[in-house]
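Next comes target-v6.txt, with compact mmCIF, C-alpha atoms.
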# COMPACT_ATOMS: atom_id res chain seq x y z
CA MET A 27 121.04 -5.96 12.87
CA ARG A 28 124.08 -4.03 14.09
CA VAL A 29 126.82 -6.02 15.88
CA TRP A 30 128.63 -4.00 18.53
CA ALA A 31 132.27 -4.28 19.44
CA ASN A 32 133.03 -5.66 22.89
CA PHE A 33 135.92 -6.50 25.19
CA SER A 34 136.65 -8.53 28.27
CA LEU A 35 139.50 -8.74 30.77
CA GLU A 36 141.21 -12.10 31.32
CA GLN A 37 144.27 -13.49 33.10
CA ASP A 38 146.78 -15.59 31.18
CA ASP A 39 148.83 -18.46 32.59
CA THR A 40 151.50 -16.10 33.87
CA GLY A 41 148.95 -13.88 35.68
CA ARG A 42 149.15 -10.98 33.25
CA THR A 43 146.02 -9.00 32.42
CA VAL A 44 144.79 -9.38 28.85
CA ALA A 45 142.12 -7.22 27.15
CA VAL A 46 140.36 -9.44 24.62
CA LEU A 47 138.58 -7.35 21.95
CA SER A 48 135.84 -8.91 19.87
CA GLY A 49 133.34 -7.84 17.24
CA PRO A 50 133.85 -5.31 14.43
CA MET A 51 136.14 -2.44 15.43
CA THR A 52 134.58 0.10 13.06
CA VAL A 53 133.29 3.64 13.44
CA SER A 54 129.67 2.45 13.52
CA SER A 55 130.11 -0.09 16.31
CA ILE A 56 132.99 1.04 18.49
CA GLY A 57 131.32 3.79 20.54
CA VAL A 58 130.58 1.80 23.71
CA VAL A 59 133.95 0.02 23.74
CA ASP A 60 135.83 3.27 23.12
CA ARG A 61 134.26 4.93 26.18
CA ALA A 62 134.86 1.83 28.33
CA LEU A 63 138.50 1.59 27.32
CA ARG A 64 139.05 5.29 28.08
CA GLU A 65 137.64 4.82 31.59
CA LEU A 66 139.58 1.58 32.24
CA ALA A 67 141.66 1.94 35.39
CA VAL A 68 143.24 -1.54 35.38
CA PRO A 69 146.73 -1.67 33.79
CA LEU A 70 146.94 -4.00 30.77
CA ASP A 71 149.83 -6.18 29.77
CA ARG A 72 148.46 -7.50 26.50
CA VAL A 73 145.74 -6.58 23.96
CA ASP A 74 144.33 -9.47 21.97
CA ILE A 75 142.39 -8.64 18.77
CA SER A 76 142.32 -12.11 17.25
CA ALA A 77 138.51 -12.16 17.62
CA VAL A 78 138.09 -8.92 15.64
CA PRO A 79 136.71 -9.78 12.17
CA GLU A 80 136.74 -6.24 10.77
CA ILE A 81 138.65 -3.07 11.56
CA ASP A 82 138.90 0.41 10.08
CA THR A 83 141.09 3.43 10.86
CA VAL A 84 138.91 4.47 13.82
CA GLY A 85 139.19 1.00 15.33
CA ALA A 86 142.90 0.90 14.57
CA TRP A 87 143.39 4.22 16.37
CA THR A 88 141.45 2.97 19.38
CA VAL A 89 143.56 -0.19 19.59
CA TRP A 90 146.76 1.76 19.15
CA ARG A 91 145.76 4.25 21.84
CA VAL A 92 145.13 1.44 24.35
CA VAL A 93 148.44 -0.25 23.50
CA ARG A 94 150.31 3.04 23.77
CA ASP A 95 148.73 4.25 26.99
CA HIS A 96 149.18 0.91 28.79
CA GLU A 97 152.50 0.02 27.14
CA ALA A 98 150.89 -3.32 26.35
CA GLU A 99 151.75 -6.00 23.83
CA LEU A 100 149.51 -6.37 20.78
CA VAL A 101 148.68 -9.95 19.74
CA GLY A 102 146.33 -11.61 17.27
CA ALA A 103 146.42 -8.82 14.69
CA SER A 104 145.74 -9.66 11.07
CA ASP A 105 147.81 -8.22 8.24
CA GLN A 106 145.16 -5.57 7.54
CA ALA A 107 144.98 -4.62 11.21
CA ARG A 108 148.78 -4.36 11.46
CA ARG A 109 148.95 -2.08 8.42
CA LEU A 110 146.21 0.22 9.73
CA ILE A 111 147.68 0.35 13.23
CA ALA A 112 151.12 1.08 11.82
CA ALA A 113 149.67 3.90 9.73
CA VAL A 114 147.72 5.56 12.55
CA SER A 115 150.59 5.14 15.02
CA LYS A 116 152.55 7.75 13.04
CA SER A 117 150.01 10.39 14.03
CA LYS A 118 151.11 12.31 17.10
CA GLY A 119 147.60 13.47 18.01
CA GLU A 120 148.98 16.66 19.49
CA GLY A 121 147.23 19.20 17.24
CA GLU A 122 144.85 21.86 18.52
CA THR A 123 141.31 20.52 18.39
CA GLY A 124 139.48 23.66 19.54
CA ALA A 125 138.62 26.58 17.30
CA LEU A 126 140.95 29.55 17.45
CA ARG A 127 139.45 32.44 19.38
CA LEU A 128 140.55 36.04 19.26
CA PRO A 129 141.22 37.98 22.48
CA LEU A 130 138.34 39.92 24.05
CA ALA A 131 139.11 43.37 22.61
CA PRO A 132 139.44 42.21 18.97
CA ARG A 133 136.27 40.11 19.37
CA ILE A 134 134.31 43.14 20.56
CA ALA A 135 135.65 45.27 17.71
CA ASP A 136 134.85 42.53 15.21
CA GLY A 137 131.30 42.16 16.58
CA VAL A 138 130.63 45.90 16.46
CA GLY A 139 132.00 46.07 12.93
CA ARG A 140 129.77 43.23 11.78
CA ILE A 141 126.70 44.92 13.32
CA VAL A 142 127.47 48.27 11.66
CA SER A 143 128.16 46.55 8.35
CA GLY A 144 124.90 44.61 8.71
CA TRP A 145 122.99 47.86 9.26
CA SER A 146 124.33 49.37 6.05
CA GLU A 147 123.66 46.22 4.05
CA GLY A 148 120.19 45.91 5.58
CA THR A 149 119.41 49.52 4.70
CA VAL A 150 120.36 48.92 1.07
CA ARG A 151 118.22 45.76 0.92
CA LEU A 152 115.28 47.53 2.55
CA LEU A 153 115.47 50.43 0.12
CA GLY A 154 115.62 47.96 -2.75
CA PHE A 155 112.54 46.15 -1.44
CA LEU A 156 110.58 49.39 -0.98
CA GLY A 157 111.60 50.44 -4.49
CA ALA A 158 110.32 47.14 -5.88
CA VAL A 159 107.03 47.61 -4.03
CA LEU A 160 106.61 51.14 -5.41
CA VAL A 161 107.41 49.98 -8.95
CA ALA A 162 104.91 47.12 -8.66
CA TRP A 163 102.25 49.46 -7.25
CA TRP A 164 102.82 51.97 -10.07
CA GLY A 165 102.48 49.15 -12.58
CA ILE A 166 99.16 48.15 -11.05
CA MET A 167 97.95 51.76 -11.00
CA THR A 168 98.70 52.15 -14.69
CA SER A 169 97.20 48.75 -15.49
CA PRO A 170 94.50 47.89 -12.90
CA ALA A 171 93.80 44.54 -14.57
CA ARG A 172 97.08 43.28 -13.06
CA MET A 173 95.68 43.53 -9.51
CA ARG A 174 94.97 40.08 -8.07
CA TRP A 175 91.69 40.84 -6.32
CA ILE A 176 91.05 37.24 -5.32
CA ALA A 177 94.37 37.20 -3.46
CA VAL A 178 93.49 40.53 -1.81
CA VAL A 179 90.13 39.17 -0.61
CA ARG A 180 91.78 35.99 0.65
CA GLN A 181 94.41 37.92 2.60
CA ALA A 182 91.74 40.29 3.95
CA GLU A 183 89.89 37.24 5.25
CA LEU A 184 93.04 35.91 6.93
CA VAL A 185 94.07 39.25 8.39
CA GLY A 186 90.64 40.52 9.39
CA ILE A 187 87.78 38.03 9.51
CA SER A 188 89.81 35.20 11.03
CA ALA A 189 91.17 37.53 13.71
CA LEU A 190 87.82 38.85 14.96
CA GLY A 191 87.52 36.24 17.68
CA ILE A 192 90.90 36.65 19.35
CA ILE A 193 90.97 40.44 18.93
CA GLY A 194 87.43 40.78 20.28
CA LEU A 195 88.16 38.64 23.34
CA MET A 196 91.43 40.43 24.04
CA SER A 197 89.83 43.89 23.70
CA PHE A 198 86.87 42.93 25.88
CA LEU A 199 89.17 41.72 28.67
CA VAL A 200 91.47 44.74 28.35
CA GLY A 201 88.42 47.03 28.62
CA ILE A 202 87.44 45.23 31.83
CA VAL A 203 90.93 45.71 33.26
CA ILE A 204 91.09 49.41 32.36
CA ALA A 205 87.66 50.17 33.82
CA GLN A 206 88.26 48.16 36.98
CA GLN A 207 91.72 49.56 37.71
CA GLY A 208 90.70 53.08 36.71
CA ALA A 209 87.70 52.94 39.02
CA ILE A 210 89.90 51.91 41.94
CA GLN A 211 92.17 54.92 41.43
CA LEU A 212 89.38 57.43 40.73
CA GLU A 213 87.41 56.23 43.76
CA GLN A 214 90.03 57.85 45.99
CA PHE A 215 88.89 61.25 44.65
CA GLY A 216 85.17 60.46 44.49
CA ALA A 217 85.26 60.55 40.69
CA GLU A 218 84.09 57.06 39.80
CA MET A 219 81.92 58.41 36.97
CA LEU A 220 85.07 59.52 35.16
CA THR A 221 85.76 55.83 34.54
CA VAL A 222 83.53 56.22 31.50
CA ASN A 223 85.75 59.01 30.17
CA LEU A 224 88.92 57.05 30.88
CA THR A 225 87.73 53.84 29.23
CA GLY A 226 86.17 55.51 26.21
CA ARG A 227 88.97 57.88 25.30
CA ILE A 228 91.82 55.45 25.83
CA ALA A 229 89.99 52.71 23.89
CA PHE A 230 89.14 54.77 20.82
CA ARG A 231 92.27 56.92 20.77
CA GLU A 232 95.10 54.56 21.71
CA LEU A 233 94.47 51.13 23.10
CA GLY A 234 92.07 49.74 20.52
CA VAL A 235 94.26 50.31 17.50
CA LEU A 236 97.58 49.72 19.31
CA MET A 237 96.62 46.38 20.81
CA THR A 238 95.11 45.37 17.49
CA ALA A 239 98.34 46.25 15.70
CA ILE A 240 100.35 44.15 18.15
CA MET A 241 97.99 41.20 17.68
CA VAL A 242 98.05 41.53 13.89
CA ALA A 243 101.85 41.76 13.93
CA GLY A 244 102.13 38.57 15.96
CA ARG A 245 99.45 36.77 13.99
CA SER A 246 99.51 38.01 10.38
CA GLY A 247 102.97 39.61 10.19
CA SER A 248 104.60 36.36 11.26
CA SER A 249 102.38 34.47 8.83
CA PHE A 250 103.49 36.69 5.94
CA ALA A 251 107.15 36.13 6.75
CA ALA A 252 106.76 32.37 7.17
CA GLN A 253 104.71 31.90 4.01
CA ILE A 254 106.94 33.95 1.73
CA GLY A 255 110.09 32.60 3.40
CA THR A 256 108.99 29.02 2.79
CA MET A 257 108.20 29.84 -0.84
CA LYS A 258 111.65 31.40 -1.16
CA LEU A 259 113.24 28.32 0.40
CA THR A 260 111.41 25.90 -1.93
CA GLU A 261 112.32 28.07 -4.95
CA GLU A 262 108.68 28.82 -5.77
CA ILE A 263 109.51 32.52 -6.03
CA ASP A 264 112.31 31.74 -8.48
CA ALA A 265 109.83 29.70 -10.49
CA MET A 266 107.42 32.66 -10.53
CA ARG A 267 110.15 34.90 -11.93
CA THR A 268 111.01 32.25 -14.52
CA ILE A 269 107.47 32.19 -15.91
CA GLY A 270 107.26 35.99 -15.90
CA VAL A 271 105.19 36.57 -12.75
CA SER A 272 106.33 39.36 -10.43
CA PRO A 273 106.57 37.99 -6.86
CA VAL A 274 106.01 41.50 -5.48
CA GLU A 275 102.78 41.93 -7.42
CA ALA A 276 101.56 38.42 -6.65
CA LEU A 277 102.60 38.09 -3.00
CA VAL A 278 103.48 41.45 -1.44
CA ILE A 279 100.90 43.89 -2.85
CA PRO A 280 97.81 41.78 -1.90
CA ARG A 281 99.09 41.34 1.65
CA VAL A 282 99.96 45.00 2.07
CA LEU A 283 96.61 46.16 0.67
CA ALA A 284 94.67 43.71 2.85
CA ALA A 285 96.49 44.83 6.01
CA VAL A 286 96.01 48.54 5.22
CA VAL A 287 92.27 48.10 4.58
CA MET A 288 91.52 45.77 7.48
CA MET A 289 93.47 47.54 10.23
CA PRO A 290 91.03 50.52 10.63
CA LEU A 291 88.08 48.12 10.77
CA LEU A 292 89.79 45.88 13.30
CA GLY A 293 90.93 48.88 15.37
CA PHE A 294 87.42 50.32 15.57
CA TYR A 295 86.01 46.87 16.35
CA ALA A 296 88.56 46.42 19.14
CA ALA A 297 87.75 49.84 20.62
CA VAL A 298 84.02 49.06 20.66
CA LEU A 299 84.64 45.71 22.38
CA ALA A 300 86.88 47.41 24.95
CA VAL A 301 84.11 49.90 25.75
CA ILE A 302 81.61 47.05 26.07
CA GLY A 303 83.99 45.29 28.45
CA GLY A 304 84.28 48.46 30.53
CA ALA A 305 80.49 48.82 30.61
CA PHE A 306 80.15 45.18 31.63
CA ILE A 307 82.44 45.44 34.65
CA SER A 308 81.10 48.88 35.63
CA ALA A 309 77.61 47.47 35.90
CA PHE A 310 78.87 45.11 38.61
CA THR A 311 81.46 47.14 40.47
CA LEU A 312 80.33 50.78 40.09
CA GLY A 313 76.60 50.36 39.83
CA ILE A 314 76.54 52.18 36.47
CA PRO A 315 73.87 50.57 34.28
CA PHE A 316 75.20 48.98 31.10
CA MET A 317 73.23 51.17 28.69
CA THR A 318 73.94 54.29 30.71
CA PHE A 319 77.66 53.62 30.35
CA LEU A 320 77.36 53.25 26.59
CA LEU A 321 75.19 56.38 26.21
CA ARG A 322 77.63 58.35 28.34
CA ILE A 323 80.44 57.33 25.97
CA GLN A 324 78.80 59.33 23.19
CA GLU A 325 78.91 62.46 25.35
CA VAL A 326 82.42 62.26 26.78
CA VAL A 327 84.43 60.88 23.84
CA PRO A 328 85.15 63.59 21.25
CA LEU A 329 84.74 62.58 17.64
CA HIS A 330 88.35 63.47 16.90
CA ASP A 331 89.47 60.69 19.27
CA VAL A 332 87.77 58.21 16.97
CA TRP A 333 89.47 59.81 13.95
CA VAL A 334 92.86 59.64 15.67
CA GLY A 335 92.56 55.88 15.95
CA LEU A 336 91.25 55.47 12.40
CA VAL A 337 94.03 57.63 10.91
CA LYS A 338 96.79 55.69 12.65
CA ALA A 339 95.46 52.25 11.76
CA PRO A 340 96.35 52.15 8.03
CA PHE A 341 99.92 53.21 8.75
CA PHE A 342 100.22 50.47 11.35
CA GLY A 343 98.89 47.92 8.86
CA LEU A 344 101.34 49.13 6.21
CA ILE A 345 104.31 48.74 8.55
CA ILE A 346 103.24 45.26 9.70
CA ALA A 347 102.71 43.96 6.17
CA LEU A 348 105.94 45.44 4.81
CA ALA A 349 107.97 44.07 7.72
CA GLY A 350 106.52 40.56 7.28
CA CYS A 351 106.93 40.49 3.50
CA TYR A 352 110.43 42.01 3.61
CA GLN A 353 111.73 39.48 6.12
CA GLY A 354 110.14 36.65 4.16
CA MET A 355 111.93 37.79 1.02
CA GLN A 356 115.29 37.74 2.86
CA VAL A 357 115.19 33.99 3.59
CA LYS A 358 118.13 32.29 1.88
CA ALA A 359 119.65 29.22 3.46
CA ASN A 360 117.51 26.78 5.43
CA ALA A 361 114.45 26.24 7.59
CA GLU A 362 116.17 27.84 10.58
CA GLU A 363 116.35 31.05 8.56
CA VAL A 364 112.55 30.98 8.19
CA GLY A 365 112.09 30.91 11.95
CA LEU A 366 114.69 33.64 12.47
CA ARG A 367 113.15 35.93 9.86
CA THR A 368 109.65 35.33 11.24
CA THR A 369 110.80 36.39 14.69
CA MET A 370 112.53 39.46 13.26
CA ALA A 371 109.37 40.41 11.36
CA VAL A 372 107.25 40.42 14.52
CA VAL A 373 109.85 42.29 16.59
CA GLN A 374 110.47 44.93 13.93
CA ALA A 375 106.76 45.43 13.28
CA ILE A 376 105.88 45.90 16.95
CA PHE A 377 108.85 48.20 17.52
CA MET A 378 108.00 50.40 14.53
CA VAL A 379 104.31 50.49 15.48
CA ILE A 380 105.14 51.79 18.96
CA VAL A 381 107.60 54.35 17.55
CA LEU A 382 105.02 55.55 15.03
CA ASP A 383 102.35 55.71 17.73
CA ALA A 384 104.58 57.98 19.81
CA PHE A 385 105.08 60.20 16.76
CA PHE A 386 101.32 60.38 16.17
CA ALA A 387 100.73 61.23 19.84
CA VAL A 388 102.97 64.28 19.54
CA PHE A 389 101.60 65.21 16.11
CA PHE A 390 97.91 65.12 17.10
CA THR A 391 98.65 67.08 20.27
CA GLU A 392 100.32 69.81 18.21
CA VAL A 393 97.37 70.05 15.80
CA GLY A 394 94.90 70.44 18.67
CA TRP A 395 93.56 66.87 18.86
CA GLY A 396 95.15 66.13 22.21

Structure re-expressed in structure tokens:
Amino acid sequence: MRVWANFSLEQDDTGRTVAVLSGPMTVSSIGVVDRALRELAVPLDRVDISAVPEIDTVGAWTVWRVVRDHEAELVGASDQARRLIAAVSKSKGEGETGALRLPLAPRIADGVGRIVSGWSEGTVRLLGFLGAVLVAWWGIMTSPARMRWIAVVRQAELVGISALGIIGLMSFLVGIVIAQQGAIQLEQFGAEMLTVNLTGRIAFRELGVLMTAIMVAGRSGSSFAAQIGTMKLTEEIDAMRTIGVSPVEALVIPRVLAAVVMMPLLGFYAAVLAVIGGAFISAFTLGIPFMTFLLRIQEVVPLHDVWVGLVKAPFFGLIIALAGCYQGMQVKANAEEVGLRTTMAVVQAIFMVIVLDAFFAVFFTEVGWG
């Protein structure tokens, strides 16, 4: 059981104020007494440490500071205490305790320089990672027996099958919102029936695959980064290299392939659920029968809208998987790095997905699939 240092104020026969310290004056037990002595407003004439059985340099400094600040007399000190107090009393205690900080302009220049330098270093690391992925993929193409199909199936289950529930619910609710809000706006022009066109085209062409990509990035992309980052932190990846197993072939390729294959299926599934959600709310608010809404979808949604969504989906899956695996491979120091890299994987994946979606929007418009 820890014994804490303590002190009390007493009056001697001559009426002088005496601070009587007791208990061990060591770094592990002096915290409460140190704060109390700093806040003491009563002037002291004498400091008595005869009841102190043990003292270290921290306790000696505390006693010396009280004696110095109050110009008090020290009594009851043992030989050890006197030696320690004499040693610490030589310290002036006037050094700068805060970290040196550059002026504002040099700090800004230093920060900008670090960011630019980080971009160049990050570009080199990214190119190296992509090169390793291409080399591993070429090795698998030339020797298909090296493909870990069990790992691919497992990752496909995690990316696709396990996500059906949350993606289906999200898409259904988003379809309800689009149909309901679209109907309110189109009602002003007496064109409520065009709600079917609005819901169908936006679901199959844009919203289904885009919302799915965002969900997969937050769900699977973060998982990729956290899993690989933890393996990097626990040196499992180094152990794989030691026994001759390529981490890129064993960890990255299965995840990338699973994401590329599952994204078109999830995107189409999400679009269908969004249409069903639109049909559900339209049956209540617009008086359009459920089956009539679905049959009308086949007439108003061009087939190329479906192909637009299906073509974009594999590229979105590729970006999400590469971002997650790349950030996981960059983990170096500690558990905090795992969290940081996981966050960066999700942010980068979502950002690149939206940028690529904008590029595809322009591209398909130029080729006549607008």

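For the residues A:Ala229, A:Ala375, A:Leu344, A:Ala209, ranking by smallest atom-to-atom distance to Ala285 (chain A) using all atoms listed in the file places A:Leu344 first.
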
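Note that the spacing between CA of Gln324 (chain A) and CA of Phe386 (chain A) amounts to 23.6 Å.
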
- request: Compile the contact shell of Val235 (chain A) as a PyMOL selection string: residues with an atom at most 10 Å away, counting only C-alpha atoms, same-chain residues fewer than 4 positions apart removed.
  value: chain A and resi 197+229-231+239-241+289-297+334-340+342+383

Which residues are near Pro280 (chain A)? Cut-off 8 Å, only C-alpha atoms, ignore same chain within fewer than 5 positions. Put them as a PDB file with C-alpha atoms, keeping the file's coordinate frame.
ATOM      1  CA  ARG A 174      94.970  40.080  -8.070  1.00  0.00           C
ATOM      2  CA  TRP A 175      91.690  40.840  -6.320  1.00  0.00           C
ATOM      3  CA  ALA A 177      94.370  37.200  -3.460  1.00  0.00           C
ATOM      4  CA  VAL A 178      93.490  40.530  -1.810  1.00  0.00           C
ATOM      5  CA  GLN A 181      94.410  37.920   2.600  1.00  0.00           C
ATOM      6  CA  GLU A 275     102.780  41.930  -7.420  1.00  0.00           C
TER       7      GLU A 275
END

Separating CA of Leu195 (chain A) from CA of Phe316 (chain A), to the nearest tenth of an Å, is a gap of 18.3 Å

Fill in: Contact residues around Thr83 (chain A) with all atoms listed in the file at 10 Å, ignoring same-chain residues under 3 positions, as a ChimeraX atom specification
/A:51-53,86-89,107,109-111,113-114

Problem - Residues within 9 Å of Val200 (chain A), all atoms listed in the file, excluding chain neighbours under 6 positions, as number ranges by chain - result: A: 233, 300, 303-304

May I have the residues from that selection written out with C-alpha atoms, as a CSV table (one decimal), in the coordinates of the input?
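The file below, out22.csv, is the result:
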chain,number,residue,atom,x,y,z
A,233,LEU,CA,94.5,51.1,23.1
A,300,ALA,CA,86.9,47.4,25.0
A,303,GLY,CA,84.0,45.3,28.4
A,304,GLY,CA,84.3,48.5,30.5

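Take the candidates A:Val78, A:Val388, A:Arg72, A:Val298 and check each one against Leu47 (chain A) using only C-alpha atoms; the shortest distance goes to A:Val78.
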
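We find CA of Gln356 (chain A) and CA of Arg172 (chain A) to be spaced 24.8 Å apart.
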
What's the 12 Å shell around Thr368 (chain A), counting only C-alpha atoms, without same-chain residues fewer than 4 positions away, as a CSV table (one decimal) with C-alpha atoms, keeping the file's coordinate frame?
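Once everything was written out, this is around_33.csv:
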chain,number,residue,atom,x,y,z
A,243,ALA,CA,101.8,41.8,13.9
A,244,GLY,CA,102.1,38.6,16.0
A,245,ARG,CA,99.4,36.8,14.0
A,246,SER,CA,99.5,38.0,10.4
A,247,GLY,CA,103.0,39.6,10.2
A,248,SER,CA,104.6,36.4,11.3
A,249,SER,CA,102.4,34.5,8.8
A,250,PHE,CA,103.5,36.7,5.9
A,251,ALA,CA,107.2,36.1,6.8
A,252,ALA,CA,106.8,32.4,7.2
A,253,GLN,CA,104.7,31.9,4.0
A,254,ILE,CA,106.9,34.0,1.7
A,255,GLY,CA,110.1,32.6,3.4
A,256,THR,CA,109.0,29.0,2.8
A,346,ILE,CA,103.2,45.3,9.7
A,349,ALA,CA,108.0,44.1,7.7
A,350,GLY,CA,106.5,40.6,7.3
A,351,CYS,CA,106.9,40.5,3.5
A,352,TYR,CA,110.4,42.0,3.6
A,353,GLN,CA,111.7,39.5,6.1
A,354,GLY,CA,110.1,36.6,4.2
A,355,MET,CA,111.9,37.8,1.0
A,356,GLN,CA,115.3,37.7,2.9
A,357,VAL,CA,115.2,34.0,3.6
A,361,ALA,CA,114.4,26.2,7.6
A,362,GLU,CA,116.2,27.8,10.6
A,363,GLU,CA,116.4,31.0,8.6
A,364,VAL,CA,112.6,31.0,8.2
A,372,VAL,CA,107.2,40.4,14.5
A,373,VAL,CA,109.8,42.3,16.6
A,374,GLN,CA,110.5,44.9,13.9
A,375,ALA,CA,106.8,45.4,13.3

Centre and edges of the region 232-251 of chain A box, axis-aligned, 3 Å extra per side, as lines of an AutoDock Vina configuration file:
center_x = 99.6
center_y = 44.5
center_z = 14.5
size_x = 21.1
size_y = 26.1
size_z = 23.2

Using the atoms already present, construct N, CA and C atoms for region 280-295 of chain A and hand them back as a compact mmCIF listing (two decimals), keeping the file's coordinate frame.
# COMPACT_ATOMS: atom_id res chain seq x y z
N PRO A 280 99.08 42.20 -2.52
CA PRO A 280 97.81 41.78 -1.90
C PRO A 280 97.87 41.78 -0.38
N ARG A 281 98.98 41.37 0.19
CA ARG A 281 99.09 41.34 1.65
C ARG A 281 99.14 42.75 2.24
N VAL A 282 99.88 43.62 1.59
CA VAL A 282 99.96 45.00 2.07
C VAL A 282 98.60 45.67 1.98
N LEU A 283 97.92 45.53 0.85
CA LEU A 283 96.61 46.16 0.67
C LEU A 283 95.59 45.61 1.67
N ALA A 284 95.60 44.31 1.90
CA ALA A 284 94.67 43.71 2.85
C ALA A 284 94.92 44.24 4.26
N ALA A 285 96.18 44.34 4.66
CA ALA A 285 96.49 44.83 6.01
C ALA A 285 96.10 46.29 6.17
N VAL A 286 96.35 47.12 5.14
CA VAL A 286 96.01 48.54 5.22
C VAL A 286 94.51 48.73 5.32
N VAL A 287 93.74 47.95 4.58
CA VAL A 287 92.27 48.10 4.58
C VAL A 287 91.66 47.55 5.86
N MET A 288 92.17 46.43 6.35
CA MET A 288 91.52 45.77 7.48
C MET A 288 91.89 46.38 8.83
N MET A 289 93.05 47.01 8.93
CA MET A 289 93.47 47.54 10.23
C MET A 289 92.50 48.59 10.81
N PRO A 290 92.00 49.59 10.03
CA PRO A 290 91.03 50.52 10.63
C PRO A 290 89.77 49.82 11.11
N LEU A 291 89.29 48.84 10.35
CA LEU A 291 88.08 48.12 10.77
C LEU A 291 88.34 47.32 12.04
N LEU A 292 89.47 46.64 12.10
CA LEU A 292 89.79 45.88 13.30
C LEU A 292 90.03 46.79 14.49
N GLY A 293 90.69 47.95 14.27
CA GLY A 293 90.93 48.88 15.37
C GLY A 293 89.64 49.44 15.95
N PHE A 294 88.71 49.82 15.09
CA PHE A 294 87.42 50.32 15.57
C PHE A 294 86.64 49.21 16.28
N TYR A 295 86.67 48.02 15.73
CA TYR A 295 86.01 46.87 16.35
C TYR A 295 86.59 46.60 17.74
